[in-house]
>>> print(open('protein23.tsv').read())   # TSV, C-alpha atoms
chain	number	residue	atom	x	y	z
A	1	MET	CA	0.00	0.00	0.00
A	2	ILE	CA	2.88	2.33	0.71
A	3	GLU	CA	4.11	1.72	-2.82
A	4	TYR	CA	0.91	3.04	-4.38
A	5	ALA	CA	0.74	6.03	-2.05
A	6	LEU	CA	4.36	6.74	-2.88
A	7	LEU	CA	3.68	6.59	-6.61
A	8	PHE	CA	0.70	8.92	-6.16
A	9	ALA	CA	2.77	11.44	-4.20
A	10	LEU	CA	5.61	11.24	-6.75
A	11	ALA	CA	3.14	11.90	-9.58
A	12	CYS	CA	1.64	14.84	-7.69
A	13	TYR	CA	5.01	16.46	-7.10
A	14	GLY	CA	6.08	15.81	-10.68
A	15	ALA	CA	2.97	17.61	-11.95
A	16	ALA	CA	3.65	20.40	-9.44
A	17	LEU	CA	7.18	20.78	-10.83
A	18	LEU	CA	5.82	21.05	-14.36
A	19	MET	CA	3.39	23.77	-13.24
A	20	ASN	CA	6.23	25.65	-11.56
A	21	ILE	CA	8.37	25.49	-14.70
A	22	TYR	CA	5.42	26.81	-16.71
A	23	ARG	CA	5.11	29.67	-14.24
A	24	ILE	CA	8.82	30.43	-14.45
A	25	VAL	CA	8.67	30.63	-18.25
A	26	ILE	CA	5.34	32.48	-18.54
A	27	ALA	CA	4.84	34.93	-15.69
A	28	PRO	CA	3.15	38.33	-15.40
A	29	GLY	CA	5.91	39.80	-13.27
A	30	VAL	CA	9.38	39.11	-12.00
A	31	GLY	CA	8.14	38.56	-8.44
A	32	ASP	CA	6.09	35.61	-9.65
A	33	ARG	CA	9.17	34.06	-11.20
A	34	VAL	CA	11.06	34.26	-7.91
A	35	LEU	CA	8.08	32.81	-6.08
A	36	ALA	CA	7.89	29.98	-8.60
A	37	LEU	CA	11.62	29.28	-8.13
A	38	ASP	CA	11.12	29.12	-4.37
A	39	THR	CA	8.20	26.72	-4.78
A	40	LEU	CA	10.29	24.67	-7.21
A	41	VAL	CA	13.02	24.23	-4.62
A	42	ILE	CA	10.50	23.18	-1.95
A	43	ASN	CA	8.91	20.67	-4.33
A	44	ILE	CA	12.35	19.27	-5.18
A	45	ILE	CA	13.02	18.72	-1.46
A	46	ALA	CA	9.79	16.73	-1.19
A	47	LEU	CA	10.66	14.78	-4.32
A	48	ILE	CA	14.12	13.85	-3.02
A	49	THR	CA	12.61	12.72	0.29
A	50	LEU	CA	10.04	10.57	-1.51
A	51	PHE	CA	12.79	9.10	-3.67
A	52	GLY	CA	14.68	8.26	-0.49
A	53	ILE	CA	11.65	6.33	0.79
A	54	HIS	CA	11.39	4.59	-2.59
A	55	GLN	CA	15.02	3.48	-2.44
A	56	SER	CA	14.84	2.71	1.33
A	57	SER	CA	17.99	4.75	1.72
A	58	THR	CA	18.71	7.36	4.38
A	59	MET	CA	21.42	8.91	2.24
A	60	TYR	CA	19.18	11.61	0.81
A	61	PHE	CA	18.61	13.63	4.00
A	62	GLU	CA	21.78	15.61	3.65
A	63	ALA	CA	21.05	16.39	0.02
A	64	SER	CA	17.60	17.72	0.83
A	65	LEU	CA	18.92	19.73	3.79
A	66	ILE	CA	21.60	21.37	1.66
A	67	ILE	CA	19.09	22.12	-1.09
A	68	ALA	CA	16.73	23.66	1.49
A	69	MET	CA	19.44	25.99	2.77
A	70	THR	CA	20.61	26.94	-0.73
A	71	GLY	CA	17.04	27.63	-1.81
A	72	PHE	CA	16.38	29.92	1.14
A	73	VAL	CA	19.57	31.91	0.62
A	74	SER	CA	18.99	32.24	-3.12
A	75	THR	CA	15.38	33.41	-2.67
A	76	VAL	CA	16.42	36.01	-0.14
A	77	SER	CA	19.22	37.27	-2.37
A	78	TYR	CA	16.90	37.47	-5.40
A	79	THR	CA	14.40	39.55	-3.46
A	80	ARG	CA	17.14	41.74	-2.02
A	81	PHE	CA	18.43	42.33	-5.50
A	82	MET	CA	14.97	43.27	-6.78
A	83	LEU	CA	14.36	45.61	-3.85
A	84	ARG	CA	17.68	47.38	-3.59
A	85	GLY	CA	19.59	46.58	-6.75
A	86	ASP	CA	22.33	45.14	-4.58
A	87	ILE	CA	22.66	42.06	-2.40
A	88	ILE	CA	25.27	42.99	0.19
A	89	GLU	CA	25.37	46.72	0.84
B	1	MET	CA	-0.96	-2.52	9.12
B	2	PHE	CA	-1.98	0.57	11.07
B	3	VAL	CA	1.49	2.01	10.49
B	4	GLU	CA	1.17	1.43	6.76
B	5	ILE	CA	-2.18	3.20	6.68
B	6	LEU	CA	-0.69	6.13	8.61
B	7	ILE	CA	2.29	6.47	6.28
B	8	SER	CA	0.15	6.10	3.16
B	9	ALA	CA	-2.30	8.74	4.41
B	10	GLY	CA	0.59	11.10	5.09
B	11	LEU	CA	2.01	10.57	1.62
B	12	VAL	CA	-1.34	11.05	-0.16
B	13	ILE	CA	-2.22	14.16	1.83
B	14	SER	CA	1.21	15.67	1.21
B	15	GLY	CA	0.91	15.00	-2.52
B	16	ILE	CA	-2.51	16.67	-2.66
B	17	PHE	CA	-1.25	19.71	-0.76
B	18	GLY	CA	1.80	19.98	-2.99
B	19	ILE	CA	-0.20	19.91	-6.20
B	20	VAL	CA	-2.77	22.36	-4.80
B	21	GLY	CA	-0.03	24.81	-3.88
B	22	SER	CA	1.55	24.72	-7.32
B	23	PHE	CA	-1.82	24.87	-9.07
B	24	GLY	CA	-2.76	27.93	-7.05
B	25	LEU	CA	0.46	29.57	-8.23
B	26	ILE	CA	-0.86	29.32	-11.79
B	27	LYS	CA	-4.56	29.76	-11.18
B	28	LEU	CA	-5.01	32.67	-8.77
B	29	PRO	CA	-5.50	36.12	-10.34
B	30	HIS	CA	-3.68	38.61	-8.11
B	31	PRO	CA	0.04	38.54	-7.14
B	32	MET	CA	-0.74	38.72	-3.44
B	33	MET	CA	-3.15	35.79	-3.80
B	34	ARG	CA	-0.50	33.87	-5.72
B	35	LEU	CA	1.83	34.44	-2.79
B	36	HIS	CA	-0.76	32.74	-0.61
B	37	ALA	CA	-0.79	29.31	-2.26
B	38	PRO	CA	2.86	28.16	-2.30
B	39	THR	CA	3.91	29.57	1.05
B	40	LYS	CA	1.19	27.72	2.94
B	41	ALA	CA	-0.02	24.70	1.02
B	42	THR	CA	3.35	23.62	-0.34
B	43	THR	CA	5.05	24.03	3.02
B	44	LEU	CA	2.40	21.85	4.63
B	45	GLY	CA	2.76	19.31	1.82
B	46	VAL	CA	6.51	19.01	2.15
B	47	GLY	CA	6.15	18.78	5.93
B	48	GLY	CA	3.76	15.86	5.46
B	49	ALA	CA	6.17	14.11	3.12
B	50	LEU	CA	9.07	14.55	5.55
B	51	ILE	CA	7.06	13.28	8.52
B	52	ALA	CA	5.88	10.29	6.47
B	53	SER	CA	9.53	9.60	5.66
B	54	MET	CA	10.46	9.78	9.33
B	55	LEU	CA	7.66	7.37	10.26
B	56	TYR	CA	8.68	5.01	7.46
B	57	PHE	CA	12.31	4.82	8.49
B	58	GLY	CA	11.47	4.72	12.19
B	59	LEU	CA	8.69	2.16	12.24
B	60	ILE	CA	9.29	-0.06	9.22
B	61	GLU	CA	13.04	0.11	8.56
B	62	ARG	CA	13.75	0.35	12.34
B	63	ASP	CA	16.26	3.12	11.74
B	64	LEU	CA	14.80	6.12	13.54
B	65	SER	CA	16.40	9.50	12.96
B	66	PHE	CA	15.27	13.06	13.40
B	67	HIS	CA	16.94	14.57	10.34
B	68	GLU	CA	13.59	15.03	8.62
B	69	LEU	CA	12.25	16.88	11.61
B	70	MET	CA	15.21	19.23	11.28
B	71	ILE	CA	14.43	19.89	7.61
B	72	THR	CA	10.74	20.39	8.45
B	73	VAL	CA	11.53	22.92	11.16
B	74	PHE	CA	13.93	24.71	8.84
B	75	LEU	CA	11.30	24.97	6.09
B	76	PHE	CA	8.60	26.08	8.52
B	77	LEU	CA	10.93	28.80	9.78
B	78	THR	CA	12.08	30.06	6.39
B	79	ALA	CA	8.79	29.97	4.46
B	80	PRO	CA	7.30	33.04	6.23
B	81	ILE	CA	10.55	34.94	5.73
B	82	THR	CA	10.64	34.35	2.00
B	83	GLY	CA	6.91	35.12	1.78
B	84	HIS	CA	7.47	38.39	3.59
B	85	PHE	CA	10.36	39.34	1.32
B	86	ILE	CA	8.43	38.59	-1.86
B	87	ALA	CA	5.38	40.51	-0.60
B	88	LYS	CA	7.55	43.50	0.22
B	89	THR	CA	9.16	43.34	-3.20
B	90	HIS	CA	5.73	43.27	-4.80
B	91	ILE	CA	4.56	46.27	-2.76
B	92	HIS	CA	7.60	48.34	-3.62
B	93	ARG	CA	7.64	47.47	-7.29
B	94	ASN	CA	3.94	47.51	-8.20
B	95	GLU	CA	2.14	49.61	-5.59
B	96	ASN	CA	2.53	53.03	-4.08
B	97	LYS	CA	1.15	54.86	-1.08
B	98	ASP	CA	-2.12	55.78	-2.80
B	99	SER	CA	-2.98	52.44	-4.40
B	100	LEU	CA	-2.88	50.56	-1.09
B	101	PRO	CA	-6.01	50.42	1.08
B	102	GLU	CA	-6.24	52.19	4.40
B	103	THR	CA	-4.63	50.43	7.32
B	104	GLY	CA	-7.51	51.25	9.67
B	105	THR	CA	-5.19	52.60	12.33
B	106	ALA	CA	-3.59	55.98	12.92
B	107	ARG	CA	-0.33	54.86	11.37
B	108	PRO	CA	0.27	54.40	7.64
B	109	TRP	CA	1.76	51.32	5.99
B	110	ALA	CA	4.99	50.64	7.77
B	111	THR	CA	7.02	49.94	4.66
B	112	PHE	CA	6.10	53.38	3.21
B	113	ASP	CA	6.26	55.19	6.53
B	114	HIS	CA	9.19	57.56	6.55
B	115	PRO	CA	9.80	58.50	10.15
B	116	GLN	CA	10.06	62.18	10.94
B	117	GLN	CA	13.61	63.25	10.32
B	118	GLU	CA	15.33	64.47	13.44
B	119	GLN	CA	16.05	68.15	13.02
B	120	GLU	CA	19.28	68.23	14.94
B	121	GLN	CA	22.09	66.26	13.49
B	122	PRO	CA	22.79	63.07	15.41
B	123	GLU	CA	26.04	63.14	17.22
B	124	GLN	CA	28.91	61.81	15.25
B	125	GLN	CA	29.78	58.37	16.38
B	126	SER	CA	33.44	57.74	15.95
>>> encode(input="protein23.tsv", output="structure tokens")
Amino acid sequence: MIEYALLFALACYGAALLMNIYRIVIAPGVGDRVLALDTLVINIIALITLFGIHQSSTMYFEASLIIAMTGFVSTVSYTRFMLRGDIIE
Amino acid sequence: MFVEILISAGLVISGIFGIVGSFGLIKLPHPMMRLHAPTKATTLGVGGALIASMLYFGLIERDLSFHELMITVFLFLTAPITGHFIAKTHIHRNENKDSLPETGTARPWATFDHPQQEQEQPEQQS
């Protein structure tokens, strides 16, 4: 039963990634693109975790943790750049 | 059996929340509404997936660890911060003082509120 639930969740997050990529390519404003990138990173974290369950391997925690930190820092620096035109003043 | 049902429910709920968050990013009409969907629904979805992973490795593989809880706490801490930054960016790029609604209090919007400049020069700090 876990297998089917896992496949369902993987399909959901795959479709979510496709929607995010669509939003990155076609967006009404630049803020939406940054928001879509942030959502993309969060969805990738979920996808890596689900893949770790699928492989029964605990090796993927570190990868998802590092991606979470990188995503947060990159989103903050994108928004800083849009607000001030500079990241570190 | 009960554990399997619990993990499967967590996985299915997290998948539904994830797809709802990303669909709202496309579907909703206003930028502030679009901010609403990913910062809440997707964060909840990824939290569900991480907790299901922790239950799976703890109860079925007998290899309990709290790394997922650490990632969940990190995401729950950083999602409001990124949401706040993106909202502020939207306000400063697309709105101005007159297009925003009234705050309903005596004070104006904090991000447009320029505090009264002190008349005397502040003392020079060396």
>>> residues_around(input="protein23.tsv", residues="Leu64 of chain B", least_positions_apart="5", cutoff="9 Å", atoms="all atoms listed in the file", output="PyMOL selection string")
chain B and resi 54-59
>>> residues_around(input="protein23.tsv", residues="Gly31 of chain A", least_positions_apart="6", cutoff="8 Å", atoms="only C-alpha atoms", output="PyMOL selection string")
chain B and resi 86+89-90
>>> write_last_selection(input="protein23.tsv", atoms="C-alpha atoms", output="PDB file, in the coordinates of the input")
ATOM      1  CA  ILE B  86       8.430  38.590  -1.860  1.00  0.00           C
ATOM      2  CA  THR B  89       9.160  43.340  -3.200  1.00  0.00           C
ATOM      3  CA  HIS B  90       5.730  43.270  -4.800  1.00  0.00           C
TER       4      HIS B  90
END
>>> closest_residue(input="protein23.tsv", among="A:Tyr4, A:Phe72, A:Tyr78, A:Tyr60", to="Val41 of chain A", atoms="all atoms listed in the file")
A:Phe72
>>> residues_around(input="protein23.tsv", residues="Thr49 of chain A", least_positions_apart="6", cutoff="12 Å", atoms="only C-alpha atoms", output="PyMOL selection string")
(chain A and resi 6+9-10+13+42-43+55-65+67-68) or (chain B and resi 11+14+45-54+56-57+67-68+71-72)
>>> closest_atom_pairs(input="protein23.tsv", of="chain A", to="chain B", cutoff="6 Å", atoms="all atoms listed in the file", output="tab-separated table")
residue	atom	partner	partner_atom	distance
A:Ile2	CA	B:Ser8	CA	5.3
A:Ala5	CA	B:Ser8	CA	5.2
A:Ala9	CA	B:Gly15	CA	4.4
A:Cys12	CA	B:Gly15	CA	5.2
A:Ala16	CA	B:Ile19	CA	5.1
A:Ala46	CA	B:Val46	CA	5.2
A:Leu65	CA	B:Ile71	CA	5.9
A:Leu83	CA	B:Thr89	CA	5.7
>>> write_last_selection(input="protein23.tsv", atoms="C-alpha atoms", output="CSV table (one decimal), in the coordinates of the input")
chain,number,residue,atom,x,y,z
A,2,ILE,CA,2.9,2.3,0.7
A,5,ALA,CA,0.7,6.0,-2.0
A,9,ALA,CA,2.8,11.4,-4.2
A,12,CYS,CA,1.6,14.8,-7.7
A,16,ALA,CA,3.6,20.4,-9.4
A,46,ALA,CA,9.8,16.7,-1.2
A,65,LEU,CA,18.9,19.7,3.8
A,83,LEU,CA,14.4,45.6,-3.8
>>> closest_residue(input="protein23.tsv", among="A:Gly85, A:Asp32, A:Ile21, A:Asp38", to="Val73 of chain A", atoms="all atoms listed in the file")
A:Asp38
>>> atom_distance(input="protein23.tsv", atom1="atom CA of His36 of chain B", atom2="atom CA of Arg107 of chain B")
25.2 Å
>>> closest_residue(input="protein23.tsv", among="A:Ile44, A:Met19, A:Ile53, A:Leu37", to="Ile66 of chain A", atoms="only C-alpha atoms")
A:Ile44
>>> atom_distance(input="protein23.tsv", atom1="atom CA of Val73 of chain B", atom2="atom CA of Asn20 of chain A")
23.5 Å
>>> atom_distance(input="protein23.tsv", atom1="atom CA of Val34 of chain A", atom2="atom CA of Thr79 of chain A")
7.7 Å
>>> decode(input="protein23.tsv", residues="segment 29-40 of chain B", atoms="all heavy atoms", output="PDB file, in the first residue's frame")
ATOM      1  N   PRO B  29      -5.607  34.955  -9.452  1.00  0.00           N
ATOM      2  CA  PRO B  29      -5.497  36.115 -10.341  1.00  0.00           C
ATOM      3  C   PRO B  29      -4.547  37.210  -9.878  1.00  0.00           C
ATOM      4  O   PRO B  29      -3.954  37.883 -10.706  1.00  0.00           O
ATOM      5  CB  PRO B  29      -6.932  36.643 -10.402  1.00  0.00           C
ATOM      6  CG  PRO B  29      -7.545  36.200  -9.139  1.00  0.00           C
ATOM      7  CD  PRO B  29      -6.900  34.908  -8.779  1.00  0.00           C
ATOM      8  N   HIS B  30      -4.405  37.426  -8.589  1.00  0.00           N
ATOM      9  CA  HIS B  30      -3.682  38.605  -8.107  1.00  0.00           C
ATOM     10  C   HIS B  30      -2.333  38.175  -7.520  1.00  0.00           C
ATOM     11  O   HIS B  30      -2.245  37.095  -6.933  1.00  0.00           O
ATOM     12  CB  HIS B  30      -4.534  39.307  -7.039  1.00  0.00           C
ATOM     13  CG  HIS B  30      -4.030  40.657  -6.665  1.00  0.00           C
ATOM     14  ND1 HIS B  30      -3.198  40.861  -5.593  1.00  0.00           N
ATOM     15  CD2 HIS B  30      -4.217  41.865  -7.227  1.00  0.00           C
ATOM     16  CE1 HIS B  30      -2.906  42.144  -5.519  1.00  0.00           C
ATOM     17  NE2 HIS B  30      -3.515  42.783  -6.501  1.00  0.00           N
ATOM     18  N   PRO B  31      -1.272  38.972  -7.663  1.00  0.00           N
ATOM     19  CA  PRO B  31       0.036  38.542  -7.142  1.00  0.00           C
ATOM     20  C   PRO B  31       0.035  38.234  -5.655  1.00  0.00           C
ATOM     21  O   PRO B  31       0.699  37.287  -5.223  1.00  0.00           O
ATOM     22  CB  PRO B  31       0.933  39.732  -7.456  1.00  0.00           C
ATOM     23  CG  PRO B  31       0.328  40.371  -8.612  1.00  0.00           C
ATOM     24  CD  PRO B  31      -1.133  40.176  -8.499  1.00  0.00           C
ATOM     25  N   MET B  32      -0.695  39.021  -4.871  1.00  0.00           N
ATOM     26  CA  MET B  32      -0.741  38.723  -3.438  1.00  0.00           C
ATOM     27  C   MET B  32      -1.451  37.410  -3.155  1.00  0.00           C
ATOM     28  O   MET B  32      -1.080  36.667  -2.247  1.00  0.00           O
ATOM     29  CB  MET B  32      -1.437  39.859  -2.695  1.00  0.00           C
ATOM     30  CG  MET B  32      -0.554  41.043  -2.490  1.00  0.00           C
ATOM     31  SD  MET B  32       0.876  40.644  -1.515  1.00  0.00           S
ATOM     32  CE  MET B  32       1.496  42.240  -1.156  1.00  0.00           C
ATOM     33  N   MET B  33      -2.492  37.101  -3.958  1.00  0.00           N
ATOM     34  CA  MET B  33      -3.152  35.790  -3.797  1.00  0.00           C
ATOM     35  C   MET B  33      -2.213  34.670  -4.208  1.00  0.00           C
ATOM     36  O   MET B  33      -2.187  33.611  -3.583  1.00  0.00           O
ATOM     37  CB  MET B  33      -4.410  35.739  -4.656  1.00  0.00           C
ATOM     38  CG  MET B  33      -5.481  36.694  -4.275  1.00  0.00           C
ATOM     39  SD  MET B  33      -6.868  36.446  -5.383  1.00  0.00           S
ATOM     40  CE  MET B  33      -7.829  37.880  -5.000  1.00  0.00           C
ATOM     41  N   ARG B  34      -1.437  34.910  -5.277  1.00  0.00           N
ATOM     42  CA  ARG B  34      -0.497  33.872  -5.719  1.00  0.00           C
ATOM     43  C   ARG B  34       0.559  33.610  -4.672  1.00  0.00           C
ATOM     44  O   ARG B  34       1.082  32.512  -4.572  1.00  0.00           O
ATOM     45  CB  ARG B  34       0.150  34.304  -7.030  1.00  0.00           C
ATOM     46  CG  ARG B  34      -0.705  34.040  -8.217  1.00  0.00           C
ATOM     47  CD  ARG B  34       0.103  34.047  -9.466  1.00  0.00           C
ATOM     48  NE  ARG B  34       0.590  35.370  -9.792  1.00  0.00           N
ATOM     49  CZ  ARG B  34      -0.119  36.259 -10.473  1.00  0.00           C
ATOM     50  NH1 ARG B  34      -1.315  35.964 -10.889  1.00  0.00           N
ATOM     51  NH2 ARG B  34       0.375  37.432 -10.743  1.00  0.00           N
ATOM     52  N   LEU B  35       0.892  34.634  -3.891  1.00  0.00           N
ATOM     53  CA  LEU B  35       1.833  34.437  -2.788  1.00  0.00           C
ATOM     54  C   LEU B  35       1.271  33.488  -1.740  1.00  0.00           C
ATOM     55  O   LEU B  35       2.003  32.778  -1.064  1.00  0.00           O
ATOM     56  CB  LEU B  35       2.137  35.793  -2.171  1.00  0.00           C
ATOM     57  CG  LEU B  35       3.275  35.898  -1.196  1.00  0.00           C
ATOM     58  CD1 LEU B  35       4.535  35.551  -1.918  1.00  0.00           C
ATOM     59  CD2 LEU B  35       3.353  37.286  -0.659  1.00  0.00           C
ATOM     60  N   HIS B  36      -0.061  33.493  -1.635  1.00  0.00           N
ATOM     61  CA  HIS B  36      -0.758  32.744  -0.605  1.00  0.00           C
ATOM     62  C   HIS B  36      -0.583  31.233  -0.791  1.00  0.00           C
ATOM     63  O   HIS B  36      -0.348  30.527   0.182  1.00  0.00           O
ATOM     64  CB  HIS B  36      -2.230  33.106  -0.735  1.00  0.00           C
ATOM     65  CG  HIS B  36      -3.011  32.926   0.486  1.00  0.00           C
ATOM     66  ND1 HIS B  36      -2.898  33.775   1.552  1.00  0.00           N
ATOM     67  CD2 HIS B  36      -3.927  32.020   0.823  1.00  0.00           C
ATOM     68  CE1 HIS B  36      -3.726  33.384   2.477  1.00  0.00           C
ATOM     69  NE2 HIS B  36      -4.357  32.327   2.074  1.00  0.00           N
ATOM     70  N   ALA B  37      -0.722  30.754  -2.030  1.00  0.00           N
ATOM     71  CA  ALA B  37      -0.786  29.313  -2.258  1.00  0.00           C
ATOM     72  C   ALA B  37       0.528  28.592  -1.941  1.00  0.00           C
ATOM     73  O   ALA B  37       0.517  27.660  -1.131  1.00  0.00           O
ATOM     74  CB  ALA B  37      -1.239  29.046  -3.686  1.00  0.00           C
ATOM     75  N   PRO B  38       1.661  28.973  -2.533  1.00  0.00           N
ATOM     76  CA  PRO B  38       2.863  28.156  -2.296  1.00  0.00           C
ATOM     77  C   PRO B  38       3.395  28.267  -0.880  1.00  0.00           C
ATOM     78  O   PRO B  38       3.905  27.281  -0.344  1.00  0.00           O
ATOM     79  CB  PRO B  38       3.881  28.717  -3.288  1.00  0.00           C
ATOM     80  CG  PRO B  38       3.134  29.565  -4.197  1.00  0.00           C
ATOM     81  CD  PRO B  38       1.956  30.055  -3.470  1.00  0.00           C
ATOM     82  N   THR B  39       3.288  29.448  -0.264  1.00  0.00           N
ATOM     83  CA  THR B  39       3.910  29.570   1.045  1.00  0.00           C
ATOM     84  C   THR B  39       3.169  28.790   2.107  1.00  0.00           C
ATOM     85  O   THR B  39       3.764  28.451   3.124  1.00  0.00           O
ATOM     86  CB  THR B  39       3.999  31.037   1.468  1.00  0.00           C
ATOM     87  OG1 THR B  39       2.730  31.627   1.300  1.00  0.00           O
ATOM     88  CG2 THR B  39       5.006  31.775   0.663  1.00  0.00           C
ATOM     89  N   LYS B  40       1.899  28.502   1.916  1.00  0.00           N
ATOM     90  CA  LYS B  40       1.192  27.725   2.937  1.00  0.00           C
ATOM     91  C   LYS B  40       0.988  26.286   2.512  1.00  0.00           C
ATOM     92  O   LYS B  40       1.455  25.362   3.193  1.00  0.00           O
ATOM     93  CB  LYS B  40      -0.162  28.379   3.233  1.00  0.00           C
ATOM     94  CG  LYS B  40       0.007  29.707   3.890  1.00  0.00           C
ATOM     95  CD  LYS B  40      -1.311  30.383   4.111  1.00  0.00           C
ATOM     96  CE  LYS B  40      -1.101  31.761   4.661  1.00  0.00           C
ATOM     97  NZ  LYS B  40      -0.418  32.621   3.670  1.00  0.00           N
TER      98      LYS B  40
END
